[in-house]
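Data from data09.cif: mmCIF, C-alpha atoms and all ligand atoms
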data_upload
#
loop_
_atom_site.group_PDB
_atom_site.id
_atom_site.type_symbol
_atom_site.label_atom_id
_atom_site.label_comp_id
_atom_site.auth_asym_id
_atom_site.auth_seq_id
_atom_site.Cartn_x
_atom_site.Cartn_y
_atom_site.Cartn_z
ATOM 1 C CA MET A 1 -10.885 12.096 25.525
ATOM 2 C CA SER A 2 -10.905 13.296 21.892
ATOM 3 C CA LEU A 3 -9.555 10.265 20.104
ATOM 4 C CA VAL A 4 -9.542 10.062 16.342
ATOM 5 C CA LEU A 5 -9.131 6.668 14.690
ATOM 6 C CA ARG A 6 -7.568 6.493 11.239
ATOM 7 C CA ALA A 7 -5.795 3.980 9.023
ATOM 8 C CA ALA A 8 -2.138 3.483 9.953
ATOM 9 C CA GLU A 9 0.380 4.718 7.405
ATOM 10 C CA ARG A 10 4.063 4.099 6.741
ATOM 11 C CA ARG A 11 4.931 7.452 8.336
ATOM 12 C CA ASP A 12 3.503 6.150 11.634
ATOM 13 C CA VAL A 13 6.067 3.353 11.910
ATOM 14 C CA PRO A 14 8.579 5.271 14.110
ATOM 15 C CA GLU A 15 5.835 5.939 16.687
ATOM 16 C CA LEU A 16 4.567 2.369 16.430
ATOM 17 C CA LEU A 17 8.094 1.103 17.068
ATOM 18 C CA VAL A 18 8.229 3.074 20.324
ATOM 19 C CA ILE A 19 4.954 1.452 21.413
ATOM 20 C CA GLU A 20 6.188 -1.992 20.376
ATOM 21 C CA GLN A 21 9.470 -1.634 22.227
ATOM 22 C CA SER A 22 7.910 -0.416 25.441
ATOM 23 C CA GLN A 23 4.808 -2.633 25.513
ATOM 24 C CA PHE A 24 5.889 -6.045 24.215
ATOM 25 C CA PRO A 25 8.592 -8.476 25.366
ATOM 26 C CA GLU A 26 9.065 -9.460 21.707
ATOM 27 C CA PRO A 27 8.584 -6.163 19.847
ATOM 28 C CA TRP A 28 7.993 -6.178 16.115
ATOM 29 C CA SER A 29 10.764 -4.689 14.001
ATOM 30 C CA ARG A 30 10.446 -1.824 11.524
ATOM 31 C CA GLY A 31 10.505 -4.370 8.694
ATOM 32 C CA MET A 32 7.722 -6.429 10.230
ATOM 33 C CA LEU A 33 5.536 -3.366 10.721
ATOM 34 C CA LEU A 34 6.132 -2.175 7.158
ATOM 35 C CA ASP A 35 5.383 -5.646 5.850
ATOM 36 C CA GLU A 36 2.099 -5.759 7.777
ATOM 37 C CA LEU A 37 1.086 -2.298 6.516
ATOM 38 C CA SER A 38 1.858 -3.310 2.935
ATOM 39 C CA GLN A 39 -0.581 -6.250 2.959
ATOM 40 C CA VAL A 40 -3.615 -4.105 2.338
ATOM 41 C CA ALA A 41 -5.775 -6.918 0.957
ATOM 42 C CA THR A 42 -5.877 -8.838 4.243
ATOM 43 C CA ARG A 43 -4.633 -6.487 6.980
ATOM 44 C CA ARG A 44 -6.324 -3.545 8.682
ATOM 45 C CA TYR A 45 -4.132 -1.400 10.894
ATOM 46 C CA VAL A 46 -5.692 1.527 12.725
ATOM 47 C CA VAL A 47 -4.066 4.130 14.963
ATOM 48 C CA ALA A 48 -5.757 6.131 17.728
ATOM 49 C CA VAL A 49 -4.558 9.727 17.608
ATOM 50 C CA GLU A 50 -4.952 12.329 20.329
ATOM 51 C CA GLU A 51 -3.641 15.853 19.822
ATOM 52 C CA GLY A 52 -1.449 14.687 16.973
ATOM 53 C CA ARG A 53 0.127 11.848 18.924
ATOM 54 C CA ILE A 54 -0.477 8.123 18.453
ATOM 55 C CA VAL A 55 -1.849 6.775 21.751
ATOM 56 C CA GLY A 56 -2.577 3.253 20.588
ATOM 57 C CA TYR A 57 -2.943 0.982 17.641
ATOM 58 C CA CYS A 58 -4.591 -2.235 16.538
ATOM 59 C CA GLY A 59 -3.819 -4.556 13.652
ATOM 60 C CA VAL A 60 -6.114 -7.295 12.415
ATOM 61 C CA MET A 61 -6.046 -9.834 9.615
ATOM 62 C CA THR A 62 -8.908 -11.372 7.648
ATOM 63 C CA VAL A 63 -8.770 -15.121 6.984
ATOM 64 C CA VAL A 64 -11.768 -16.171 4.883
ATOM 65 C CA ASP A 65 -14.683 -15.407 7.250
ATOM 66 C CA GLU A 66 -12.612 -14.935 10.403
ATOM 67 C CA LEU A 67 -10.851 -12.003 11.974
ATOM 68 C CA HIS A 68 -7.465 -12.523 13.629
ATOM 69 C CA VAL A 69 -6.392 -9.816 16.047
ATOM 70 C CA ASN A 70 -2.667 -9.607 15.322
ATOM 71 C CA THR A 71 -1.760 -6.838 17.744
ATOM 72 C CA ILE A 72 -3.262 -4.210 20.000
ATOM 73 C CA ALA A 73 -1.562 -1.817 22.378
ATOM 74 C CA ALA A 74 -1.942 1.471 24.153
ATOM 75 C CA ALA A 75 1.085 3.789 24.079
ATOM 76 C CA PRO A 76 3.153 3.801 27.293
ATOM 77 C CA GLY A 77 1.437 5.995 29.882
ATOM 78 C CA GLU A 78 -1.898 5.853 28.034
ATOM 79 C CA GLU A 79 -3.207 2.592 29.508
ATOM 80 C CA GLY A 80 -6.542 2.452 31.320
ATOM 81 C CA ARG A 81 -8.132 5.329 29.420
ATOM 82 C CA GLY A 82 -10.234 3.288 27.042
ATOM 83 C CA VAL A 83 -7.884 3.469 24.049
ATOM 84 C CA ALA A 84 -7.763 -0.291 23.414
ATOM 85 C CA THR A 85 -11.496 -0.542 24.043
ATOM 86 C CA ARG A 86 -12.140 2.002 21.282
ATOM 87 C CA LEU A 87 -9.725 0.297 18.898
ATOM 88 C CA LEU A 88 -11.078 -3.210 19.473
ATOM 89 C CA ALA A 89 -14.692 -2.048 19.164
ATOM 90 C CA ASP A 90 -13.803 -0.412 15.849
ATOM 91 C CA ALA A 91 -12.023 -3.524 14.531
ATOM 92 C CA LEU A 92 -14.848 -5.883 15.542
ATOM 93 C CA ASP A 93 -17.604 -3.566 14.270
ATOM 94 C CA ASP A 94 -15.821 -3.293 10.928
ATOM 95 C CA ALA A 95 -15.380 -7.076 10.752
ATOM 96 C CA ALA A 96 -19.048 -7.699 11.507
ATOM 97 C CA ALA A 97 -20.038 -5.122 8.893
ATOM 98 C CA ARG A 98 -17.918 -7.034 6.363
ATOM 99 C CA GLY A 99 -19.782 -10.251 7.184
ATOM 100 C CA LEU A 100 -17.053 -11.981 9.178
ATOM 101 C CA VAL A 101 -18.519 -14.455 11.642
ATOM 102 C CA ARG A 102 -15.782 -15.106 14.242
ATOM 103 C CA ALA A 103 -12.735 -13.437 15.738
ATOM 104 C CA THR A 104 -9.699 -15.030 17.337
ATOM 105 C CA LEU A 105 -6.441 -14.061 18.996
ATOM 106 C CA GLU A 106 -3.578 -15.358 21.088
ATOM 107 C CA VAL A 107 -2.647 -13.732 24.372
ATOM 108 C CA ALA A 108 0.079 -14.583 26.871
ATOM 109 C CA VAL A 109 -1.341 -16.591 29.780
ATOM 110 C CA SER A 110 0.109 -14.023 32.200
ATOM 111 C CA ASN A 111 -1.469 -11.028 30.404
ATOM 112 C CA VAL A 112 -4.601 -10.851 32.521
ATOM 113 C CA ARG A 113 -5.219 -7.191 31.656
ATOM 114 C CA ALA A 114 -5.533 -7.944 27.954
ATOM 115 C CA GLN A 115 -7.611 -11.057 28.690
ATOM 116 C CA ALA A 116 -10.051 -8.937 30.706
ATOM 117 C CA LEU A 117 -10.360 -6.542 27.770
ATOM 118 C CA TYR A 118 -11.057 -9.403 25.355
ATOM 119 C CA GLN A 119 -13.574 -11.041 27.695
ATOM 120 C CA ARG A 120 -15.557 -7.798 27.783
ATOM 121 C CA PHE A 121 -15.994 -8.214 24.027
ATOM 122 C CA GLY A 122 -17.174 -11.806 24.309
ATOM 123 C CA PHE A 123 -13.872 -13.594 23.701
ATOM 124 C CA ALA A 124 -13.629 -16.898 25.580
ATOM 125 C CA PRO A 125 -10.579 -19.141 26.019
ATOM 126 C CA VAL A 126 -10.664 -22.342 23.971
ATOM 127 C CA GLY A 127 -7.160 -23.716 24.372
ATOM 128 C CA VAL A 128 -3.474 -23.149 24.979
ATOM 129 C CA ARG A 129 -0.561 -23.020 22.516
ATOM 130 C CA LYS A 130 2.491 -24.234 24.409
ATOM 131 C CA ASN A 131 5.690 -22.141 24.219
ATOM 132 C CA TYR A 132 3.990 -19.785 21.748
ATOM 133 C CA TYR A 133 6.277 -16.831 22.396
ATOM 134 C CA ALA A 134 9.770 -17.491 21.070
ATOM 135 C CA ARG A 135 11.768 -15.394 23.516
ATOM 136 C CA THR A 136 9.896 -15.922 26.777
ATOM 137 C CA ARG A 137 8.707 -19.472 25.935
ATOM 138 C CA GLU A 138 5.425 -18.451 27.525
ATOM 139 C CA ASP A 139 2.223 -20.277 26.634
ATOM 140 C CA ALA A 140 -0.530 -18.436 24.772
ATOM 141 C CA LEU A 141 -4.203 -18.641 25.505
ATOM 142 C CA VAL A 142 -6.270 -18.964 22.318
ATOM 143 C CA MET A 143 -9.502 -16.999 22.501
ATOM 144 C CA TRP A 144 -12.500 -16.855 20.166
ATOM 145 C CA ALA A 145 -15.561 -14.653 19.893
ATOM 146 C CA ASP A 146 -18.627 -14.866 17.704
ATOM 147 C CA LEU A 147 -19.403 -11.744 15.672
ATOM 148 C CA PRO A 148 -21.042 -9.386 15.999
ATOM 149 C CA ALA A 149 -19.289 -9.033 19.343
ATOM 150 C CA ARG A 150 -21.355 -7.484 22.083
ATOM 151 C CA ARG A 151 -19.416 -5.229 24.389
ATOM 152 C CA VAL A 152 -20.132 -5.867 28.049
ATOM 153 C CA GLU A 153 -19.588 -2.834 30.226
ATOM 154 C CA PRO A 154 -17.113 -3.464 33.067
ATOM 155 C CA ARG A 155 -18.630 -3.632 36.541
ATOM 156 C CA GLU A 156 -18.361 -0.561 38.742
ATOM 157 C CA SER A 157 -15.703 -1.206 41.380
HETATM 158 C C1 LIG B 1 -3.794 -4.619 27.303
HETATM 159 C C2 LIG B 1 -3.858 -3.187 26.728
HETATM 160 C C3 LIG B 1 -3.869 -3.276 25.224
HETATM 161 C C4 LIG B 1 -5.146 -2.528 27.223
HETATM 162 O O1 LIG B 1 -5.197 -1.227 26.647
HETATM 163 P P1 LIG B 1 -5.898 -0.027 27.399
HETATM 164 O O2 LIG B 1 -6.017 1.089 26.451
HETATM 165 O O3 LIG B 1 -5.182 0.216 28.674
HETATM 166 O O4 LIG B 1 -7.320 -0.674 27.676
HETATM 167 P P2 LIG B 1 -8.625 0.150 28.075
HETATM 168 O O5 LIG B 1 -8.256 1.413 28.757
HETATM 169 O O6 LIG B 1 -9.509 0.222 26.907
HETATM 170 O O7 LIG B 1 -9.258 -0.839 29.097
HETATM 171 C C5 LIG B 1 -8.486 -1.168 30.208
HETATM 172 C C6 LIG B 1 -9.136 -0.597 31.446
HETATM 173 O O8 LIG B 1 -9.483 0.761 31.348
HETATM 174 C C7 LIG B 1 -10.856 0.949 31.722
HETATM 175 N N1 LIG B 1 -11.427 1.980 30.874
HETATM 176 C C8 LIG B 1 -12.090 1.825 29.730
HETATM 177 N N2 LIG B 1 -12.478 3.009 29.253
HETATM 178 C C9 LIG B 1 -12.025 3.934 30.126
HETATM 179 C C10 LIG B 1 -12.091 5.336 30.159
HETATM 180 N N3 LIG B 1 -12.723 6.036 29.214
HETATM 181 N N4 LIG B 1 -11.470 5.984 31.180
HETATM 182 C C11 LIG B 1 -10.844 5.279 32.132
HETATM 183 N N5 LIG B 1 -10.753 3.946 32.136
HETATM 184 C C12 LIG B 1 -11.351 3.280 31.149
HETATM 185 C C13 LIG B 1 -11.487 -0.357 31.473
HETATM 186 O O9 LIG B 1 -12.594 -0.571 32.327
HETATM 187 C C14 LIG B 1 -10.372 -1.308 31.788
HETATM 188 O O10 LIG B 1 -10.307 -1.574 33.159
HETATM 189 P P3 LIG B 1 -9.552 -2.860 33.717
HETATM 190 O O11 LIG B 1 -8.701 -3.449 32.617
HETATM 191 O O12 LIG B 1 -8.732 -2.320 34.833
HETATM 192 O O13 LIG B 1 -10.653 -3.760 34.133
HETATM 193 C C15 LIG B 1 -2.697 -2.313 27.235
HETATM 194 O O14 LIG B 1 -2.554 -2.481 28.642
HETATM 195 C C16 LIG B 1 -1.371 -2.597 26.568
HETATM 196 O O15 LIG B 1 -1.007 -1.947 25.621
HETATM 197 N N6 LIG B 1 -0.650 -3.624 27.059
HETATM 198 C C17 LIG B 1 0.643 -4.004 26.475
HETATM 199 C C18 LIG B 1 0.453 -4.640 25.130
HETATM 200 C C19 LIG B 1 -0.416 -5.861 25.231
HETATM 201 O O16 LIG B 1 -0.329 -6.649 26.173
HETATM 202 N N7 LIG B 1 -1.280 -6.055 24.214
HETATM 203 C C20 LIG B 1 -2.135 -7.203 24.106
HETATM 204 C C21 LIG B 1 -1.373 -8.316 23.484
HETATM 205 S S1 LIG B 1 -2.380 -9.771 23.253
#

Let me see whether you can do it: turn the structure in this file into structure tokens.
Ligand SMILES: CC(C)(COP(=O)(O)OP(=O)(O)OC[C@H]1O[C@@H](n2cnc3c(N)ncnc32)[C@H](O)[C@@H]1OP(=O)(O)O)[C@@H](O)C(=O)NCCC(=O)NCCS
Amino acid sequence: MSLVLRAAERRDVPELLVIEQSQFPEPWSRGMLLDELSQVATRRYVVAVEEGRIVGYCGVMTVVDELHVNTIAAAPGEEGRGVATRLLADALDDAAARGLVRATLEVAVSNVRAQALYQRFGFAPVGVRKNYYARTREDALVMWADLPARRVEPRES
């Protein structure tokens, strides 16, 4: 896999919208994505590009000495190839290099795939936010990791 990671740009928004709409029950709108990309002081959005096509993206936010993972997704049909692993490793490495000490995120309680990804990076569940997702009313698991995160290789199956 020849993935290149680079900063997301406004011109990427149409491709990011396709990912949002196919991968999330409550997809972000064009306006929300543009707003996130415009907040350069606190946000860091990175796309994974393969042969000119965006195959995944990750957006994080810095709050004082903590990193919040706002969003991460592989493009439809690109799951299970290590795209999110690359993106999350990049985001956490960058955060640690900037001196951030913890990382947190919310994930739907039913999203066991994403939870497995986060656990490989040392994220552990610390609580539940009830009815976190507006449309589905699903609860969110709150997970935290200490930085620098240490990636644990998945077991051979
Ligand atoms: C959850 C999600 C982000 C994971 O992205 P992904 O790119 O498929 O994740 P990865 O490929 O890095 O890791 C997933 C699996 O691929 C395996 N993998 C990692 N590198 C690999 C590689 N180079 N080749 C093949 N498989 C690989 C991992 O072992 C992992 O296996 P498992 O999850 O079956 O145990 C993706 O499924 C997705 O976009 N879901 C919808 C959006 C979403 O739920 N986002 C999270 C919101 S909190």

Box time for segment 75-79 of chain A: axis-aligned, enclosing all its listed atoms, 6 Å extra on each side; report centre and edge lengths in Å to one decimal, as AutoDock Vina command-line options.
--center_x 0.0 --center_y 4.3 --center_z 27.0 --size_x 18.4 --size_y 15.4 --size_z 17.8

### Query
Excluding same-chain residues fewer than 3 positions from Ala103 of chain A, what lies within 7 Å of it counting all atoms listed in the file, as a PyMOL selection string?
chain A and resi 66-68+144-147

### Query
Got a sec to resolve the PyMOL selection byres (((chain A and resi 108) around 8) and not hetatm) on this structure and send the residues as number ranges by chain?
A: 106-107, 109-111, 133, 138-141

Export C-alpha atoms of the chosen residues as a PDB file, in the frame of the given file?
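Output saved as again-v1.pdb:
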ATOM      1  CA  GLU A 106      -3.578 -15.358  21.088  1.00  0.00           C
ATOM      2  CA  VAL A 107      -2.647 -13.732  24.372  1.00  0.00           C
ATOM      3  CA  VAL A 109      -1.341 -16.591  29.780  1.00  0.00           C
ATOM      4  CA  SER A 110       0.109 -14.023  32.200  1.00  0.00           C
ATOM      5  CA  ASN A 111      -1.469 -11.028  30.404  1.00  0.00           C
ATOM      6  CA  TYR A 133       6.277 -16.831  22.396  1.00  0.00           C
ATOM      7  CA  GLU A 138       5.425 -18.451  27.525  1.00  0.00           C
ATOM      8  CA  ASP A 139       2.223 -20.277  26.634  1.00  0.00           C
ATOM      9  CA  ALA A 140      -0.530 -18.436  24.772  1.00  0.00           C
ATOM     10  CA  LEU A 141      -4.203 -18.641  25.505  1.00  0.00           C
TER      11      LEU A 141
END

Contact check, chain A to ligand LIG 1 (chain B), at most 7 Å, counting all atoms listed in the file, closest pairs as JSON lines:
{"residue": "A:Gln23", "atom": "CA", "partner": "B:LIG1", "partner_atom": "C17", "distance": 4.5}
{"residue": "A:Phe24", "atom": "CA", "partner": "B:LIG1", "partner_atom": "C18", "distance": 5.7}
{"residue": "A:Thr71", "atom": "CA", "partner": "B:LIG1", "partner_atom": "C21", "distance": 5.9}
{"residue": "A:Ile72", "atom": "CA", "partner": "B:LIG1", "partner_atom": "N7", "distance": 5.0}
{"residue": "A:Ala73", "atom": "CA", "partner": "B:LIG1", "partner_atom": "O15", "distance": 3.3}
{"residue": "A:Ala74", "atom": "CA", "partner": "B:LIG1", "partner_atom": "O15", "distance": 3.8}
{"residue": "A:Ala75", "atom": "CA", "partner": "B:LIG1", "partner_atom": "O15", "distance": 6.3}
{"residue": "A:Glu78", "atom": "CA", "partner": "B:LIG1", "partner_atom": "O2", "distance": 6.5}
{"residue": "A:Glu79", "atom": "CA", "partner": "B:LIG1", "partner_atom": "O3", "distance": 3.2}
{"residue": "A:Gly80", "atom": "CA", "partner": "B:LIG1", "partner_atom": "O5", "distance": 3.3}
{"residue": "A:Arg81", "atom": "CA", "partner": "B:LIG1", "partner_atom": "N4", "distance": 3.8}
{"residue": "A:Gly82", "atom": "CA", "partner": "B:LIG1", "partner_atom": "O6", "distance": 3.2}
{"residue": "A:Val83", "atom": "CA", "partner": "B:LIG1", "partner_atom": "O2", "distance": 3.9}
{"residue": "A:Ala84", "atom": "CA", "partner": "B:LIG1", "partner_atom": "O2", "distance": 3.8}
{"residue": "A:Thr85", "atom": "CA", "partner": "B:LIG1", "partner_atom": "O6", "distance": 3.6}
{"residue": "A:Arg86", "atom": "CA", "partner": "B:LIG1", "partner_atom": "O6", "distance": 6.5}
{"residue": "A:Glu106", "atom": "CA", "partner": "B:LIG1", "partner_atom": "S1", "distance": 6.1}
{"residue": "A:Val107", "atom": "CA", "partner": "B:LIG1", "partner_atom": "S1", "distance": 4.1}
{"residue": "A:Ala108", "atom": "CA", "partner": "B:LIG1", "partner_atom": "S1", "distance": 6.5}
{"residue": "A:Asn111", "atom": "CA", "partner": "B:LIG1", "partner_atom": "O16", "distance": 6.2}
{"residue": "A:Arg113", "atom": "CA", "partner": "B:LIG1", "partner_atom": "O11", "distance": 5.2}
{"residue": "A:Ala114", "atom": "CA", "partner": "B:LIG1", "partner_atom": "C1", "distance": 3.8}
{"residue": "A:Ala116", "atom": "CA", "partner": "B:LIG1", "partner_atom": "O11", "distance": 6.0}
{"residue": "A:Leu117", "atom": "CA", "partner": "B:LIG1", "partner_atom": "O7", "distance": 6.0}
{"residue": "A:Pro154", "atom": "CA", "partner": "B:LIG1", "partner_atom": "O9", "distance": 5.4}

### Task
Expand the PyMOL selection byres (((chain A and resi 90-96) around 12) and not hetatm) into the individual residues it matches in the shown file, reporting them as a ChimeraX atom specification.
/A:4-7,42-48,57-72,83-89,97-104,118,121-123,145-151

Selection export as a short mmCIF file (atom, residue, chain, number, x, y, z; two decimals), in the frame of the given file, atoms kept: C-alpha atoms:
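Dumped to selection_21.cif:
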data_model
loop_
_atom_site.label_atom_id
_atom_site.label_comp_id
_atom_site.auth_asym_id
_atom_site.auth_seq_id
_atom_site.Cartn_x
_atom_site.Cartn_y
_atom_site.Cartn_z
CA VAL A 4 -9.54 10.06 16.34
CA LEU A 5 -9.13 6.67 14.69
CA ARG A 6 -7.57 6.49 11.24
CA ALA A 7 -5.80 3.98 9.02
CA THR A 42 -5.88 -8.84 4.24
CA ARG A 43 -4.63 -6.49 6.98
CA ARG A 44 -6.32 -3.54 8.68
CA TYR A 45 -4.13 -1.40 10.89
CA VAL A 46 -5.69 1.53 12.72
CA VAL A 47 -4.07 4.13 14.96
CA ALA A 48 -5.76 6.13 17.73
CA TYR A 57 -2.94 0.98 17.64
CA CYS A 58 -4.59 -2.24 16.54
CA GLY A 59 -3.82 -4.56 13.65
CA VAL A 60 -6.11 -7.30 12.42
CA MET A 61 -6.05 -9.83 9.62
CA THR A 62 -8.91 -11.37 7.65
CA VAL A 63 -8.77 -15.12 6.98
CA VAL A 64 -11.77 -16.17 4.88
CA ASP A 65 -14.68 -15.41 7.25
CA GLU A 66 -12.61 -14.94 10.40
CA LEU A 67 -10.85 -12.00 11.97
CA HIS A 68 -7.46 -12.52 13.63
CA VAL A 69 -6.39 -9.82 16.05
CA ASN A 70 -2.67 -9.61 15.32
CA THR A 71 -1.76 -6.84 17.74
CA ILE A 72 -3.26 -4.21 20.00
CA VAL A 83 -7.88 3.47 24.05
CA ALA A 84 -7.76 -0.29 23.41
CA THR A 85 -11.50 -0.54 24.04
CA ARG A 86 -12.14 2.00 21.28
CA LEU A 87 -9.72 0.30 18.90
CA LEU A 88 -11.08 -3.21 19.47
CA ALA A 89 -14.69 -2.05 19.16
CA ALA A 97 -20.04 -5.12 8.89
CA ARG A 98 -17.92 -7.03 6.36
CA GLY A 99 -19.78 -10.25 7.18
CA LEU A 100 -17.05 -11.98 9.18
CA VAL A 101 -18.52 -14.46 11.64
CA ARG A 102 -15.78 -15.11 14.24
CA ALA A 103 -12.74 -13.44 15.74
CA THR A 104 -9.70 -15.03 17.34
CA TYR A 118 -11.06 -9.40 25.36
CA PHE A 121 -15.99 -8.21 24.03
CA GLY A 122 -17.17 -11.81 24.31
CA PHE A 123 -13.87 -13.59 23.70
CA ALA A 145 -15.56 -14.65 19.89
CA ASP A 146 -18.63 -14.87 17.70
CA LEU A 147 -19.40 -11.74 15.67
CA PRO A 148 -21.04 -9.39 16.00
CA ALA A 149 -19.29 -9.03 19.34
CA ARG A 150 -21.36 -7.48 22.08
CA ARG A 151 -19.42 -5.23 24.39
#

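Pairwise distance (atom CA of Val126 of chain A, atom CA of Trp28 of chain A) equals 25.9 Å.
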
### Task
Between atom CA of Arg129 of chain A and atom CA of Gln115 of chain A, measure the distance and give it in Å to one decimal.
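Answer for the atom CA of Arg129 of chain A to atom CA of Gln115 of chain A separation: 15.2 Å.
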
Exercise: segment 29-40 of chain A partners within 9 Å, all atoms listed in the file, chain neighbours under 6 positions left out, as a CSV table (one decimal) with C-alpha atoms, in the coordinates of the input:
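Written out: result-v5.csv:
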chain,number,residue,atom,x,y,z
A,8,ALA,CA,-2.1,3.5,10.0
A,9,GLU,CA,0.4,4.7,7.4
A,10,ARG,CA,4.1,4.1,6.7
A,13,VAL,CA,6.1,3.4,11.9
A,14,PRO,CA,8.6,5.3,14.1
A,16,LEU,CA,4.6,2.4,16.4
A,17,LEU,CA,8.1,1.1,17.1
A,20,GLU,CA,6.2,-2.0,20.4
A,21,GLN,CA,9.5,-1.6,22.2
A,59,GLY,CA,-3.8,-4.6,13.7

### Query
What does the distance from atom CA of Val55 of chain A to atom CA of Glu26 of chain A come to in Å, to one decimal?
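Those two atoms sit 19.6 Å apart.
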
### Message
Applying the PyMOL selection byres (((chain A and resi 51) around 10) and not hetatm) to the file I just gave you, which residues come out? Please list them as a ChimeraX atom specification.
### Response
/A:1-4,49-50,52-55

### For Pro27 of chain A, the nearest of the candidates A:Val128, A:Ala41, A:Val112, A:Ala134, counting all atoms listed in the file
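Comparing A:Val128, A:Ala41, A:Val112, A:Ala134 against Pro27 of chain A, the winner is A:Ala134.
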
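The smallest atom-to-atom distance between Gly127 of chain A and any of A:Gly77, A:Ser22, A:Leu105, A:Asp12, using only C-alpha atoms, is found for A:Leu105.
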